[in-house]
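**Q** Dropping in model-v6.pdb, which is PDB, C-alpha atoms:
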ATOM      1  CA  MET A   5      25.387  19.919  19.965  1.00  0.00           C
ATOM      2  CA  ALA A   6      24.957  16.435  18.450  1.00  0.00           C
ATOM      3  CA  GLN A   7      21.701  15.894  20.323  1.00  0.00           C
ATOM      4  CA  SER A   8      20.173  19.110  19.030  1.00  0.00           C
ATOM      5  CA  ARG A   9      21.238  18.231  15.473  1.00  0.00           C
ATOM      6  CA  GLN A  10      19.665  14.758  15.735  1.00  0.00           C
ATOM      7  CA  LYS A  11      16.523  16.276  17.234  1.00  0.00           C
ATOM      8  CA  SER A  12      16.201  18.698  14.319  1.00  0.00           C
ATOM      9  CA  TYR A  13      16.564  15.781  11.849  1.00  0.00           C
ATOM     10  CA  ALA A  14      13.859  13.759  13.637  1.00  0.00           C
ATOM     11  CA  ASN A  15      11.480  16.716  13.959  1.00  0.00           C
ATOM     12  CA  GLY A  16      11.766  17.399  10.239  1.00  0.00           C
ATOM     13  CA  LYS A  17      10.336  13.960   9.436  1.00  0.00           C
ATOM     14  CA  VAL A  18       7.358  14.216  11.797  1.00  0.00           C
ATOM     15  CA  CYS A  19       4.177  15.366  10.112  1.00  0.00           C
ATOM     16  CA  ASN A  20       1.180  16.551  12.074  1.00  0.00           C
ATOM     17  CA  VAL A  21      -1.665  14.874  10.206  1.00  0.00           C
ATOM     18  CA  SER A  22      -5.184  14.626  11.516  1.00  0.00           C
ATOM     19  CA  TYR A  23      -8.464  13.688   9.887  1.00  0.00           C
ATOM     20  CA  MET A  24     -11.953  14.895  10.669  1.00  0.00           C
ATOM     21  CA  VAL A  25     -15.038  12.709  11.097  1.00  0.00           C
ATOM     22  CA  GLY A  26     -16.709  12.206   7.721  1.00  0.00           C
ATOM     23  CA  GLU A  27     -13.531  12.851   5.716  1.00  0.00           C
ATOM     24  CA  LYS A  28     -12.603  10.415   2.926  1.00  0.00           C
ATOM     25  CA  ILE A  29      -9.250   8.623   3.253  1.00  0.00           C
ATOM     26  CA  LEU A  30      -7.279   5.801   1.606  1.00  0.00           C
ATOM     27  CA  LEU A  31      -6.093   2.639   3.363  1.00  0.00           C
ATOM     28  CA  LYS A  32      -2.635   1.178   2.786  1.00  0.00           C
ATOM     29  CA  ILE A  33      -2.355  -2.505   1.869  1.00  0.00           C
ATOM     30  CA  SER A  34       0.777  -4.558   1.283  1.00  0.00           C
ATOM     31  CA  PRO A  35       1.482  -6.896  -1.640  1.00  0.00           C
ATOM     32  CA  MET A  36       2.593 -10.410  -0.731  1.00  0.00           C
ATOM     33  CA  LYS A  37       4.210 -12.828  -3.160  1.00  0.00           C
ATOM     34  CA  SER A  38       4.689 -16.415  -1.945  1.00  0.00           C
ATOM     35  CA  VAL A  39       6.677 -16.213   1.314  1.00  0.00           C
ATOM     36  CA  LEU A  40       8.028 -12.678   0.904  1.00  0.00           C
ATOM     37  CA  ARG A  41       6.455 -10.096   3.173  1.00  0.00           C
ATOM     38  CA  PHE A  42       5.929  -6.373   3.596  1.00  0.00           C
ATOM     39  CA  GLY A  43       9.380  -4.935   2.773  1.00  0.00           C
ATOM     40  CA  LYS A  44       8.782  -4.458  -0.957  1.00  0.00           C
ATOM     41  CA  LYS A  45      10.472  -1.620  -2.808  1.00  0.00           C
ATOM     42  CA  GLY A  46      10.240  -0.148  -6.271  1.00  0.00           C
ATOM     43  CA  LYS A  47       7.365  -1.326  -8.434  1.00  0.00           C
ATOM     44  CA  LEU A  48       5.869  -3.548  -5.720  1.00  0.00           C
ATOM     45  CA  ARG A  49       5.702  -0.909  -3.018  1.00  0.00           C
ATOM     46  CA  SER A  50       2.578  -0.623  -0.899  1.00  0.00           C
ATOM     47  CA  ARG A  51      -0.537   0.770  -2.524  1.00  0.00           C
ATOM     48  CA  TYR A  52      -3.788   2.185  -1.252  1.00  0.00           C
ATOM     49  CA  ILE A  53      -7.369   1.015  -1.684  1.00  0.00           C
ATOM     50  CA  GLY A  54     -10.805   2.505  -1.529  1.00  0.00           C
ATOM     51  CA  HIS A  55     -11.886   5.803  -0.207  1.00  0.00           C
ATOM     52  CA  PHE A  56     -13.378   5.137   3.169  1.00  0.00           C
ATOM     53  CA  GLU A  57     -15.136   7.473   5.546  1.00  0.00           C
ATOM     54  CA  VAL A  58     -13.766   8.228   9.013  1.00  0.00           C
ATOM     55  CA  LEU A  59     -16.370   7.267  11.621  1.00  0.00           C
ATOM     56  CA  LYS A  60     -14.559   8.490  14.726  1.00  0.00           C
ATOM     57  CA  LYS A  61     -11.154   9.406  16.096  1.00  0.00           C
ATOM     58  CA  ILE A  62      -9.798   7.067  18.764  1.00  0.00           C
ATOM     59  CA  GLY A  63      -6.932   8.620  20.692  1.00  0.00           C
ATOM     60  CA  ASP A  64      -4.257  10.702  18.966  1.00  0.00           C
ATOM     61  CA  VAL A  65      -3.169   8.299  16.222  1.00  0.00           C
ATOM     62  CA  ALA A  66      -6.048   5.860  15.636  1.00  0.00           C
ATOM     63  CA  TYR A  67      -9.163   6.186  13.490  1.00  0.00           C
ATOM     64  CA  GLU A  68     -12.193   3.976  12.973  1.00  0.00           C
ATOM     65  CA  LEU A  69     -13.229   3.566   9.331  1.00  0.00           C
ATOM     66  CA  ALA A  70     -16.486   2.581   7.652  1.00  0.00           C
ATOM     67  CA  LEU A  71     -15.373  -0.580   5.823  1.00  0.00           C
ATOM     68  CA  PRO A  72     -17.510  -2.401   3.227  1.00  0.00           C
ATOM     69  CA  PRO A  73     -18.802  -5.939   3.935  1.00  0.00           C
ATOM     70  CA  SER A  74     -16.051  -7.464   1.752  1.00  0.00           C
ATOM     71  CA  LEU A  75     -13.469  -6.219   4.294  1.00  0.00           C
ATOM     72  CA  SER A  76     -15.444  -7.302   7.348  1.00  0.00           C
ATOM     73  CA  SER A  77     -12.632  -9.687   8.398  1.00  0.00           C
ATOM     74  CA  ALA A  78     -10.328  -6.702   9.053  1.00  0.00           C
ATOM     75  CA  HIS A  79     -10.528  -4.704  12.269  1.00  0.00           C
ATOM     76  CA  PRO A  80     -12.003  -1.230  11.505  1.00  0.00           C
ATOM     77  CA  VAL A  81      -9.492   0.745  13.655  1.00  0.00           C
ATOM     78  CA  PHE A  82      -6.244   1.770  11.942  1.00  0.00           C
ATOM     79  CA  ASN A  83      -3.131   3.717  12.871  1.00  0.00           C
ATOM     80  CA  ILE A  84      -2.637   7.096  11.225  1.00  0.00           C
ATOM     81  CA  PHE A  85       0.429   5.797   9.353  1.00  0.00           C
ATOM     82  CA  MET A  86      -1.762   3.351   7.394  1.00  0.00           C
ATOM     83  CA  LEU A  87      -3.999   6.166   6.135  1.00  0.00           C
ATOM     84  CA  ARG A  88      -3.656   8.831   3.470  1.00  0.00           C
ATOM     85  CA  LYS A  89      -5.957  11.691   2.552  1.00  0.00           C
ATOM     86  CA  TYR A  90      -8.158  11.006  -0.469  1.00  0.00           C
ATOM     87  CA  LEU A  91      -7.616  13.605  -3.178  1.00  0.00           C
ATOM     88  CA  GLY A  92      -9.941  12.260  -5.862  1.00  0.00           C
ATOM     89  CA  ASP A  93      -7.263  10.963  -8.264  1.00  0.00           C
ATOM     90  CA  LEU A  94      -8.256   7.407  -9.232  1.00  0.00           C
ATOM     91  CA  PHE A  95      -4.934   6.568 -10.942  1.00  0.00           C
ATOM     92  CA  HIS A  96      -3.173   5.119  -7.880  1.00  0.00           C
ATOM     93  CA  ILE A  97      -6.095   3.282  -6.245  1.00  0.00           C
ATOM     94  CA  LEU A  98      -6.706  -0.457  -6.472  1.00  0.00           C
ATOM     95  CA  ASN A  99     -10.309  -1.540  -6.767  1.00  0.00           C
ATOM     96  CA  PHE A 100     -10.820  -3.514  -3.549  1.00  0.00           C
ATOM     97  CA  SER A 101     -13.697  -5.526  -5.007  1.00  0.00           C
ATOM     98  CA  THR A 102     -11.310  -7.333  -7.413  1.00  0.00           C
ATOM     99  CA  VAL A 103      -8.529  -7.873  -4.836  1.00  0.00           C
ATOM    100  CA  GLN A 104      -8.995 -10.688  -2.318  1.00  0.00           C
ATOM    101  CA  LEU A 105      -7.545  -9.439   0.991  1.00  0.00           C
ATOM    102  CA  ASP A 106      -6.861 -11.623   3.998  1.00  0.00           C
ATOM    103  CA  GLY A 107      -7.048 -10.686   7.677  1.00  0.00           C
ATOM    104  CA  ASN A 108      -3.762  -8.751   7.794  1.00  0.00           C
ATOM    105  CA  LEU A 109      -4.584  -6.691   4.662  1.00  0.00           C
ATOM    106  CA  THR A 110      -2.262  -8.508   2.228  1.00  0.00           C
ATOM    107  CA  TYR A 111      -3.001  -9.958  -1.179  1.00  0.00           C
ATOM    108  CA  ASP A 112      -1.352 -12.424  -3.555  1.00  0.00           C
ATOM    109  CA  VAL A 113       0.148 -11.045  -6.763  1.00  0.00           C
ATOM    110  CA  GLU A 114      -1.070 -12.967  -9.802  1.00  0.00           C
ATOM    111  CA  PRO A 115      -0.205 -12.388 -13.479  1.00  0.00           C
ATOM    112  CA  VAL A 116      -3.128 -11.294 -15.629  1.00  0.00           C
ATOM    113  CA  ALA A 117      -1.893 -12.110 -19.140  1.00  0.00           C
ATOM    114  CA  ILE A 118       1.243 -12.842 -21.155  1.00  0.00           C
ATOM    115  CA  LEU A 119       1.683  -9.855 -23.433  1.00  0.00           C
ATOM    116  CA  ASP A 120       4.692 -10.867 -25.535  1.00  0.00           C
ATOM    117  CA  ARG A 121       6.513 -14.063 -26.392  1.00  0.00           C
ATOM    118  CA  GLN A 122       9.744 -14.578 -28.325  1.00  0.00           C
ATOM    119  CA  VAL A 123      11.349 -17.783 -29.520  1.00  0.00           C
ATOM    120  CA  ARG A 124      15.086 -17.570 -30.001  1.00  0.00           C
ATOM    121  CA  LYS A 125      17.289 -20.095 -31.690  1.00  0.00           C
ATOM    122  CA  LEU A 126      20.782 -20.559 -30.355  1.00  0.00           C
ATOM    123  CA  ARG A 127      23.622 -20.712 -32.847  1.00  0.00           C
ATOM    124  CA  SER A 128      26.073 -23.513 -32.340  1.00  0.00           C
ATOM    125  CA  LYS A 129      29.760 -23.001 -32.961  1.00  0.00           C
ATOM    126  CA  ASN A 130      31.794 -25.696 -34.605  1.00  0.00           C
ATOM    127  CA  ILE A 131      34.680 -26.422 -32.300  1.00  0.00           C
ATOM    128  CA  THR A 132      37.493 -28.386 -33.943  1.00  0.00           C
TER     129      THR A 132
END
In structure tokens, write the structure found in this file.
**A**
Amino acid sequence: MAQSRQKSYANGKVCNVSYMVGEKILLKISPMKSVLRFGKKGKLRSRYIGHFEVLKKIGDVAYELALPPSLSSAHPVFNIFMLRKYLGDLFHILNFSTVQLDGNLTYDVEPVAILDRQVRKLRSKNIT
């Protein structure tokens, strides 16, 4: 009974996703700040870049992508869990030409500008 319940939970999370050759997809990258690594949550969760074309399907869960020359240091074959279908909404996509990615598809988070500054004066209490 417990095994069938656990199996139903696991099967509910499995999604049968496949992409066709020539389809546009997004590639997941991970932010990296100093020594912290991939397990970011909340605002710093993983984001997607580009819209790349699928060149060919390799096995059941791997796809070869047509990457631009700026990403030539990365291997062009990716697991299906690093890909997402491109829907044409540009709101959630990082422009990969402005982001410097290293070999394991991570980038350093850098502040762009200071938007607000406040100077506060502390009140001192007279203690007698």
**Q** Check the smallest atom-to-atom distance from each of A:Cys19, A:Leu75, A:Val116, A:Ile29 to Leu91 in chain A using only C-alpha atoms, then report the winner.
**A**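 The shortest atom-to-atom distance to Leu91 in chain A comes from A:Ile29.
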**Q** Looking at all atoms listed in the file, which of A:Tyr67, A:Lys129, A:Ala117, A:Leu30 is the one that sits closest to Ile53 in chain A?
**A**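 Result for the nearest residue to Ile53 in chain A: A:Leu30.
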**Q** For the PyMOL selection byres ((chain A and resi 88) around 10), applied here, can you spell out every residue it catches as a ChimeraX atom specification?
**A** /A:21,23,28-32,52,55,84-87,89-91
**Q** Here's the selection I'm unsure about, the PyMOL selection byres ((chain A and resi 66) around 12); applied to the file above, which residues does it give, as a short mmCIF file (atom, residue, chain, number, x, y, z; two decimals) with C-alpha atoms, in the coordinates of the input?
**A**
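What ended up in out-v6.cif:
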data_model
loop_
_atom_site.label_atom_id
_atom_site.label_comp_id
_atom_site.auth_asym_id
_atom_site.auth_seq_id
_atom_site.Cartn_x
_atom_site.Cartn_y
_atom_site.Cartn_z
CA VAL A 21 -1.66 14.87 10.21
CA SER A 22 -5.18 14.63 11.52
CA TYR A 23 -8.46 13.69 9.89
CA MET A 24 -11.95 14.90 10.67
CA VAL A 58 -13.77 8.23 9.01
CA LEU A 59 -16.37 7.27 11.62
CA LYS A 60 -14.56 8.49 14.73
CA LYS A 61 -11.15 9.41 16.10
CA ILE A 62 -9.80 7.07 18.76
CA GLY A 63 -6.93 8.62 20.69
CA ASP A 64 -4.26 10.70 18.97
CA VAL A 65 -3.17 8.30 16.22
CA TYR A 67 -9.16 6.19 13.49
CA GLU A 68 -12.19 3.98 12.97
CA LEU A 69 -13.23 3.57 9.33
CA HIS A 79 -10.53 -4.70 12.27
CA PRO A 80 -12.00 -1.23 11.50
CA VAL A 81 -9.49 0.74 13.66
CA PHE A 82 -6.24 1.77 11.94
CA ASN A 83 -3.13 3.72 12.87
CA ILE A 84 -2.64 7.10 11.22
CA PHE A 85 0.43 5.80 9.35
CA MET A 86 -1.76 3.35 7.39
CA LEU A 87 -4.00 6.17 6.14
#
**Q** Using Å and a single decimal, report how far CA of Phe56 in chain A sits from CA of Val25 in chain A.
**A**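 Going from CA of Val25 in chain A over to CA of Phe56 in chain A, I get 11.1 Å.
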**Q** Interatomic distance between CA of Ser77 in chain A and CA of Pro115 in chain A?
**A**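 Going from CA of Ser77 in chain A over to CA of Pro115 in chain A, I get 25.3 Å.
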**Q** Give me, please, the distance in Å between CA of Gln104 in chain A and CA of Glu27 in chain A, quoted to one decimal.
**A**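 These atoms are spaced 25.3 Å apart.
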**Q** Find the axis-aligned box for range 112-116 of chain A, covering all its listed atoms and adding 6 Å on each side, and write its centre and edge lengths in Å to one decimal as lines of an AutoDock Vina configuration file.
**A**
center_x = -1.5
center_y = -12.0
center_z = -9.6
size_x = 15.3
size_y = 13.9
size_z = 24.1
**Q** Could you check which residues have any atom within 9 Å of (-10.4, -6.3, 4.7), counting all atoms listed in the file with coordinates taken straight from the file, and then list them as a PyMOL selection string?
**A** chain A and resi 71-80+100+104-110
**Q** Rebuild range 47-71 of chain A to N, CA and C atoms - output it as a PDB file, in the coordinates of the input, please.
**A**
ATOM      1  N   LYS A  47       8.671  -1.156  -7.801  1.00  0.00           N
ATOM      2  CA  LYS A  47       7.365  -1.326  -8.434  1.00  0.00           C
ATOM      3  C   LYS A  47       6.342  -1.982  -7.509  1.00  0.00           C
ATOM      4  N   LEU A  48       6.802  -2.809  -6.578  1.00  0.00           N
ATOM      5  CA  LEU A  48       5.869  -3.548  -5.720  1.00  0.00           C
ATOM      6  C   LEU A  48       5.647  -2.877  -4.373  1.00  0.00           C
ATOM      7  N   ARG A  49       5.892  -1.591  -4.295  1.00  0.00           N
ATOM      8  CA  ARG A  49       5.702  -0.909  -3.018  1.00  0.00           C
ATOM      9  C   ARG A  49       4.220  -0.915  -2.647  1.00  0.00           C
ATOM     10  N   SER A  50       3.950  -0.585  -1.408  1.00  0.00           N
ATOM     11  CA  SER A  50       2.578  -0.623  -0.899  1.00  0.00           C
ATOM     12  C   SER A  50       1.685   0.330  -1.667  1.00  0.00           C
ATOM     13  N   ARG A  51       0.445  -0.055  -1.838  1.00  0.00           N
ATOM     14  CA  ARG A  51      -0.537   0.770  -2.524  1.00  0.00           C
ATOM     15  C   ARG A  51      -1.745   0.979  -1.621  1.00  0.00           C
ATOM     16  N   TYR A  52      -2.623   1.812  -2.050  1.00  0.00           N
ATOM     17  CA  TYR A  52      -3.788   2.185  -1.252  1.00  0.00           C
ATOM     18  C   TYR A  52      -5.066   1.721  -1.936  1.00  0.00           C
ATOM     19  N   ILE A  53      -6.078   1.429  -1.137  1.00  0.00           N
ATOM     20  CA  ILE A  53      -7.369   1.015  -1.684  1.00  0.00           C
ATOM     21  C   ILE A  53      -8.467   1.939  -1.182  1.00  0.00           C
ATOM     22  N   GLY A  54      -9.560   1.886  -1.928  1.00  0.00           N
ATOM     23  CA  GLY A  54     -10.805   2.505  -1.529  1.00  0.00           C
ATOM     24  C   GLY A  54     -10.775   4.009  -1.395  1.00  0.00           C
ATOM     25  N   HIS A  55     -11.820   4.537  -0.918  1.00  0.00           N
ATOM     26  CA  HIS A  55     -11.886   5.803  -0.207  1.00  0.00           C
ATOM     27  C   HIS A  55     -12.975   5.568   0.827  1.00  0.00           C
ATOM     28  N   PHE A  56     -12.516   5.493   2.058  1.00  0.00           N
ATOM     29  CA  PHE A  56     -13.378   5.137   3.169  1.00  0.00           C
ATOM     30  C   PHE A  56     -13.632   6.365   4.026  1.00  0.00           C
ATOM     31  N   GLU A  57     -14.749   6.348   4.696  1.00  0.00           N
ATOM     32  CA  GLU A  57     -15.136   7.473   5.546  1.00  0.00           C
ATOM     33  C   GLU A  57     -14.661   7.236   6.974  1.00  0.00           C
ATOM     34  N   VAL A  58     -14.188   8.295   7.612  1.00  0.00           N
ATOM     35  CA  VAL A  58     -13.766   8.228   9.013  1.00  0.00           C
ATOM     36  C   VAL A  58     -15.018   8.301   9.880  1.00  0.00           C
ATOM     37  N   LEU A  59     -15.214   7.268  10.719  1.00  0.00           N
ATOM     38  CA  LEU A  59     -16.370   7.267  11.621  1.00  0.00           C
ATOM     39  C   LEU A  59     -16.092   8.024  12.905  1.00  0.00           C
ATOM     40  N   LYS A  60     -14.917   7.754  13.509  1.00  0.00           N
ATOM     41  CA  LYS A  60     -14.559   8.490  14.726  1.00  0.00           C
ATOM     42  C   LYS A  60     -13.064   8.400  14.974  1.00  0.00           C
ATOM     43  N   LYS A  61     -12.568   9.355  15.719  1.00  0.00           N
ATOM     44  CA  LYS A  61     -11.154   9.406  16.096  1.00  0.00           C
ATOM     45  C   LYS A  61     -11.005   8.724  17.450  1.00  0.00           C
ATOM     46  N   ILE A  62     -10.042   7.799  17.528  1.00  0.00           N
ATOM     47  CA  ILE A  62      -9.798   7.067  18.764  1.00  0.00           C
ATOM     48  C   ILE A  62      -8.382   7.403  19.213  1.00  0.00           C
ATOM     49  N   GLY A  63      -8.247   8.206  20.229  1.00  0.00           N
ATOM     50  CA  GLY A  63      -6.932   8.620  20.692  1.00  0.00           C
ATOM     51  C   GLY A  63      -6.294   9.624  19.735  1.00  0.00           C
ATOM     52  N   ASP A  64      -4.965   9.737  19.798  1.00  0.00           N
ATOM     53  CA  ASP A  64      -4.257  10.702  18.966  1.00  0.00           C
ATOM     54  C   ASP A  64      -3.919  10.159  17.587  1.00  0.00           C
ATOM     55  N   VAL A  65      -3.682   8.846  17.484  1.00  0.00           N
ATOM     56  CA  VAL A  65      -3.169   8.299  16.222  1.00  0.00           C
ATOM     57  C   VAL A  65      -4.006   7.146  15.670  1.00  0.00           C
ATOM     58  N   ALA A  66      -5.220   6.958  16.124  1.00  0.00           N
ATOM     59  CA  ALA A  66      -6.048   5.860  15.636  1.00  0.00           C
ATOM     60  C   ALA A  66      -7.397   6.392  15.164  1.00  0.00           C
ATOM     61  N   TYR A  67      -7.887   5.788  14.077  1.00  0.00           N
ATOM     62  CA  TYR A  67      -9.163   6.186  13.490  1.00  0.00           C
ATOM     63  C   TYR A  67      -9.976   4.953  13.158  1.00  0.00           C
ATOM     64  N   GLU A  68     -11.286   5.054  13.358  1.00  0.00           N
ATOM     65  CA  GLU A  68     -12.193   3.976  12.973  1.00  0.00           C
ATOM     66  C   GLU A  68     -12.796   4.324  11.616  1.00  0.00           C
ATOM     67  N   LEU A  69     -12.760   3.346  10.693  1.00  0.00           N
ATOM     68  CA  LEU A  69     -13.229   3.566   9.331  1.00  0.00           C
ATOM     69  C   LEU A  69     -14.523   2.802   9.069  1.00  0.00           C
ATOM     70  N   ALA A  70     -15.291   3.275   8.120  1.00  0.00           N
ATOM     71  CA  ALA A  70     -16.486   2.581   7.652  1.00  0.00           C
ATOM     72  C   ALA A  70     -16.052   1.671   6.513  1.00  0.00           C
ATOM     73  N   LEU A  71     -15.841   0.389   6.819  1.00  0.00           N
ATOM     74  CA  LEU A  71     -15.373  -0.580   5.823  1.00  0.00           C
ATOM     75  C   LEU A  71     -16.554  -1.276   5.167  1.00  0.00           C
TER      76      LEU A  71
END
